[in-house]
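Okay, final-v7.pdb now, which holds PDB, C-alpha atoms, pLDDT in the B column:
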ATOM      1  CA  MET A   1     -33.580   0.209   5.335  1.00 47.00           C
ATOM      2  CA  GLU A   2     -34.069  -0.912   8.911  1.00 50.00           C
ATOM      3  CA  GLY A   3     -31.310  -3.172  10.157  1.00 51.00           C
ATOM      4  CA  HIS A   4     -29.196  -2.554   7.063  1.00 49.00           C
ATOM      5  CA  PRO A   5     -25.499  -3.030   8.046  1.00 52.00           C
ATOM      6  CA  VAL A   6     -24.188  -0.117   5.978  1.00 48.00           C
ATOM      7  CA  ALA A   7     -26.820   2.261   7.311  1.00 48.00           C
ATOM      8  CA  ALA A   8     -26.083   1.037  10.837  1.00 46.00           C
ATOM      9  CA  SER A   9     -22.378   1.754  10.496  1.00 50.00           C
ATOM     10  CA  VAL A  10     -22.992   5.245   9.086  1.00 51.00           C
ATOM     11  CA  ASN A  11     -25.870   6.333  11.311  1.00 54.00           C
ATOM     12  CA  PRO A  12     -27.068   3.622  13.712  1.00 49.00           C
ATOM     13  CA  ALA A  13     -29.961   5.709  15.037  1.00 54.00           C
ATOM     14  CA  ALA A  14     -31.315   6.199  11.501  1.00 52.00           C
ATOM     15  CA  ALA A  15     -31.349   2.452  11.008  1.00 57.00           C
ATOM     16  CA  GLY A  16     -33.788   2.010  13.894  1.00 62.00           C
ATOM     17  CA  LEU A  17     -31.308   0.367  16.263  1.00 63.00           C
ATOM     18  CA  ASP A  18     -31.574   0.448  20.044  1.00 71.00           C
ATOM     19  CA  ALA A  19     -28.679   1.545  22.281  1.00 72.00           C
ATOM     20  CA  GLU A  20     -27.107  -1.934  22.499  1.00 75.00           C
ATOM     21  CA  ASP A  21     -27.243  -2.379  18.720  1.00 72.00           C
ATOM     22  CA  ARG A  22     -25.597   1.051  18.292  1.00 68.00           C
ATOM     23  CA  ARG A  23     -22.799   0.068  20.708  1.00 70.00           C
ATOM     24  CA  GLN A  24     -22.200  -3.115  18.717  1.00 71.00           C
ATOM     25  CA  ALA A  25     -22.194  -1.178  15.440  1.00 68.00           C
ATOM     26  CA  ARG A  26     -19.592   1.260  16.821  1.00 66.00           C
ATOM     27  CA  ARG A  27     -17.489  -1.670  18.073  1.00 67.00           C
ATOM     28  CA  ARG A  28     -17.619  -3.335  14.640  1.00 65.00           C
ATOM     29  CA  ALA A  29     -16.601  -0.034  13.029  1.00 62.00           C
ATOM     30  CA  GLY A  30     -13.499   0.136  15.203  1.00 54.00           C
ATOM     31  CA  ALA A  31     -14.664   2.774  17.677  1.00 49.00           C
ATOM     32  CA  GLY A  32     -13.674   0.538  20.586  1.00 49.00           C
ATOM     33  CA  GLY A  33     -10.177  -0.331  21.767  1.00 51.00           C
ATOM     34  CA  VAL A  34      -7.350  -1.980  19.862  1.00 54.00           C
ATOM     35  CA  GLY A  35      -8.879  -5.388  20.524  1.00 53.00           C
ATOM     36  CA  GLU A  36     -12.100  -4.526  18.748  1.00 57.00           C
ATOM     37  CA  GLY A  37     -13.187  -3.693  15.230  1.00 67.00           C
ATOM     38  CA  GLN A  38     -10.731  -3.296  12.380  1.00 77.00           C
ATOM     39  CA  LEU A  39      -7.672  -3.125  14.664  1.00 76.00           C
ATOM     40  CA  ALA A  40      -8.336  -6.493  16.324  1.00 77.00           C
ATOM     41  CA  PRO A  41      -5.847  -8.423  14.125  1.00 82.00           C
ATOM     42  CA  LEU A  42      -2.997  -6.317  15.547  1.00 81.00           C
ATOM     43  CA  GLU A  43      -3.282  -8.230  18.812  1.00 83.00           C
ATOM     44  CA  HIS A  44      -2.151 -11.384  17.044  1.00 85.00           C
ATOM     45  CA  PHE A  45       0.871  -9.968  15.188  1.00 87.00           C
ATOM     46  CA  THR A  46       4.145 -11.763  15.753  1.00 90.00           C
ATOM     47  CA  ALA A  47       7.432  -9.956  16.293  1.00 90.00           C
ATOM     48  CA  ALA A  48       8.384 -10.629  12.658  1.00 91.00           C
ATOM     49  CA  GLN A  49       5.160  -9.002  11.442  1.00 89.00           C
ATOM     50  CA  TRP A  50       5.799  -5.905  13.564  1.00 89.00           C
ATOM     51  CA  VAL A  51       9.374  -5.682  12.272  1.00 90.00           C
ATOM     52  CA  ALA A  52       8.109  -5.975   8.689  1.00 88.00           C
ATOM     53  CA  GLY A  53       5.518  -3.252   9.284  1.00 87.00           C
ATOM     54  CA  VAL A  54       8.062  -0.891  10.825  1.00 89.00           C
ATOM     55  CA  TYR A  55      10.509  -1.619   7.999  1.00 87.00           C
ATOM     56  CA  LEU A  56       7.862  -0.821   5.397  1.00 84.00           C
ATOM     57  CA  GLY A  57       6.965   2.396   7.178  1.00 86.00           C
ATOM     58  CA  ILE A  58      10.551   3.591   7.561  1.00 88.00           C
ATOM     59  CA  GLY A  59      12.302   2.042   4.558  1.00 82.00           C
ATOM     60  CA  GLY A  60       9.439   1.991   2.097  1.00 79.00           C
ATOM     61  CA  GLY A  61       7.862   5.224   3.220  1.00 84.00           C
ATOM     62  CA  ALA A  62      10.083   7.785   4.895  1.00 88.00           C
ATOM     63  CA  LEU A  63      13.415   6.809   3.347  1.00 87.00           C
ATOM     64  CA  ALA A  64      11.905   6.475  -0.131  1.00 83.00           C
ATOM     65  CA  PHE A  65      10.389   9.958   0.168  1.00 86.00           C
ATOM     66  CA  ILE A  66      13.675  11.485   1.353  1.00 91.00           C
ATOM     67  CA  LEU A  67      15.567   9.855  -1.524  1.00 88.00           C
ATOM     68  CA  TRP A  68      12.878  11.027  -3.964  1.00 87.00           C
ATOM     69  CA  VAL A  69      13.270  14.651  -2.847  1.00 91.00           C
ATOM     70  CA  MET A  70      17.061  14.405  -3.005  1.00 93.00           C
ATOM     71  CA  ALA A  71      16.837  12.988  -6.524  1.00 92.00           C
ATOM     72  CA  LEU A  72      14.548  15.830  -7.627  1.00 92.00           C
ATOM     73  CA  ALA A  73      17.226  18.283  -6.541  1.00 94.00           C
ATOM     74  CA  ARG A  74      19.759  16.576  -8.826  1.00 93.00           C
ATOM     75  CA  ALA A  75      17.787  15.379 -11.878  1.00 89.00           C
ATOM     76  CA  THR A  76      14.802  16.257 -14.023  1.00 87.00           C
ATOM     77  CA  PRO A  77      11.336  15.230 -12.829  1.00 87.00           C
ATOM     78  CA  THR A  78      11.015  12.893 -15.841  1.00 80.00           C
ATOM     79  CA  ARG A  79      14.128  10.959 -14.899  1.00 81.00           C
ATOM     80  CA  VAL A  80      13.105  10.796 -11.246  1.00 85.00           C
ATOM     81  CA  ALA A  81       9.574   9.655 -12.114  1.00 83.00           C
ATOM     82  CA  ASN A  82      11.027   6.807 -14.151  1.00 78.00           C
ATOM     83  CA  THR A  83      12.454   5.324 -10.970  1.00 78.00           C
ATOM     84  CA  MET A  84       8.892   4.468  -9.933  1.00 78.00           C
ATOM     85  CA  THR A  85       8.606   2.097 -12.886  1.00 77.00           C
ATOM     86  CA  VAL A  86      11.663   0.198 -11.684  1.00 79.00           C
ATOM     87  CA  ASN A  87      10.086  -0.686  -8.303  1.00 80.00           C
ATOM     88  CA  PRO A  88       7.858  -3.514  -9.599  1.00 80.00           C
ATOM     89  CA  ILE A  89      10.781  -4.883 -11.612  1.00 81.00           C
ATOM     90  CA  ALA A  90      12.998  -4.980  -8.544  1.00 84.00           C
ATOM     91  CA  ALA A  91      10.214  -6.532  -6.474  1.00 85.00           C
ATOM     92  CA  ALA A  92       9.529  -9.258  -9.047  1.00 85.00           C
ATOM     93  CA  LEU A  93      13.195 -10.124  -9.475  1.00 86.00           C
ATOM     94  CA  LEU A  94      13.834 -10.160  -5.717  1.00 87.00           C
ATOM     95  CA  ALA A  95      10.747 -12.342  -5.197  1.00 89.00           C
ATOM     96  CA  ALA A  96      12.065 -14.790  -7.773  1.00 89.00           C
ATOM     97  CA  LEU A  97      15.493 -14.794  -6.161  1.00 91.00           C
ATOM     98  CA  LEU A  98      14.503 -14.849  -2.485  1.00 89.00           C
ATOM     99  CA  ILE A  99      11.288 -16.875  -2.333  1.00 90.00           C
ATOM    100  CA  GLY A 100      11.212 -18.721  -5.635  1.00 91.00           C
ATOM    101  CA  GLU A 101       8.385 -16.860  -7.365  1.00 90.00           C
ATOM    102  CA  PRO A 102       8.139 -18.037 -10.983  1.00 91.00           C
ATOM    103  CA  ILE A 103       9.316 -15.814 -13.819  1.00 89.00           C
ATOM    104  CA  THR A 104       6.485 -16.055 -16.331  1.00 91.00           C
ATOM    105  CA  ALA A 105       5.990 -14.830 -19.881  1.00 93.00           C
ATOM    106  CA  ASN A 106       3.752 -12.041 -18.554  1.00 90.00           C
ATOM    107  CA  LEU A 107       6.567 -10.851 -16.285  1.00 86.00           C
ATOM    108  CA  LEU A 108       9.056 -10.850 -19.139  1.00 90.00           C
ATOM    109  CA  ALA A 109       6.624  -8.973 -21.399  1.00 92.00           C
ATOM    110  CA  GLY A 110       6.104  -6.452 -18.618  1.00 87.00           C
ATOM    111  CA  LEU A 111       9.854  -6.014 -18.204  1.00 85.00           C
ATOM    112  CA  VAL A 112      10.244  -5.297 -21.915  1.00 90.00           C
ATOM    113  CA  ALA A 113       7.367  -2.805 -21.823  1.00 89.00           C
ATOM    114  CA  VAL A 114       8.747  -1.003 -18.778  1.00 85.00           C
ATOM    115  CA  PHE A 115      12.237  -0.720 -20.222  1.00 86.00           C
ATOM    116  CA  ALA A 116      10.798   0.492 -23.538  1.00 89.00           C
ATOM    117  CA  GLY A 117       8.791   3.142 -21.689  1.00 85.00           C
ATOM    118  CA  ILE A 118      11.843   4.271 -19.741  1.00 82.00           C
ATOM    119  CA  GLY A 119      13.809   4.479 -22.979  1.00 84.00           C
ATOM    120  CA  ILE A 120      11.131   6.534 -24.705  1.00 86.00           C
ATOM    121  CA  ALA A 121      10.668   8.882 -21.727  1.00 80.00           C
ATOM    122  CA  THR A 122      14.361   9.569 -21.253  1.00 77.00           C
ATOM    123  CA  SER A 123      15.471   9.777 -24.863  1.00 80.00           C
ATOM    124  CA  GLU A 124      16.035  13.123 -26.480  1.00 76.00           C
ATOM    125  CA  GLY A 125      13.343  13.949 -29.015  1.00 69.00           C
ATOM    126  CA  LYS A 126      14.293  14.819 -32.580  1.00 67.00           C
ATOM    127  CA  ALA A 127      13.844  18.445 -33.608  1.00 59.00           C
ATOM    128  CA  ALA A 128      10.986  18.899 -36.050  1.00 58.00           C
TER     129      ALA A 128
END

Could I get this structure in the form of structure tokens?
Amino acid sequence: MEGHPVAASVNPAAAGLDAEDRRQARRRAGAGGVGEGQLAPLEHFTAAQWVAGVYLGIGGGALAFILWVMALARATPTRVANTMTVNPIAAALLAALLIGEPITANLLAGLVAVFAGIGIATSEGKAA
């Protein structure tokens, strides 16, 4: 177990590491500053990458949640939950339109399956 990287990241002292090795293990685990560990790539983000990240946080996170709650106040949970199945469809179609992603047979089969599922979930069941 001595010198094992997983053990060192969980409990460096248990892995038999000296003080310098423990400092390096903490740095690799992100316990240092922004320029060290898992946050190091943030130093190299361009303005476009920061804008995309903020957009995803606000538009894809906060706004989506607010709209979800508003929809729950106006429709049944089943109908609102079905909107989640439309997200991949919209993403695939926008990717094809905006950046030229190919529309494959698998995508078309997935579209049919999603629309069939939405139809089944939102249709009124027959009385037995």

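Of note, atom CA of Val86 of chain A and atom CA of Gly61 of chain A are spaced 16.2 Å apart.
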
Quiz item: Suppose you want the space between atom CA of His44 of chain A and atom CA of Leu94 of chain A; what is it in Å?
Solution: 27.8 Å

Quiz item: Using only C-alpha atoms, which of the listed residues (A:Ala121, A:Asp21, A:Thr83, A:Thr46) sits closest to Leu67 of chain A?
Solution: A:Thr83

Self-check item: Residue with smallest distance to Ile120 of chain A - pool A:Asn82, A:Ala90, A:Gly59, A:Val51, counting only C-alpha atoms
Solution: A:Asn82

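What separates atom CA of Leu93 of chain A from atom CA of Val80 of chain A is a distance of 21.0 Å.
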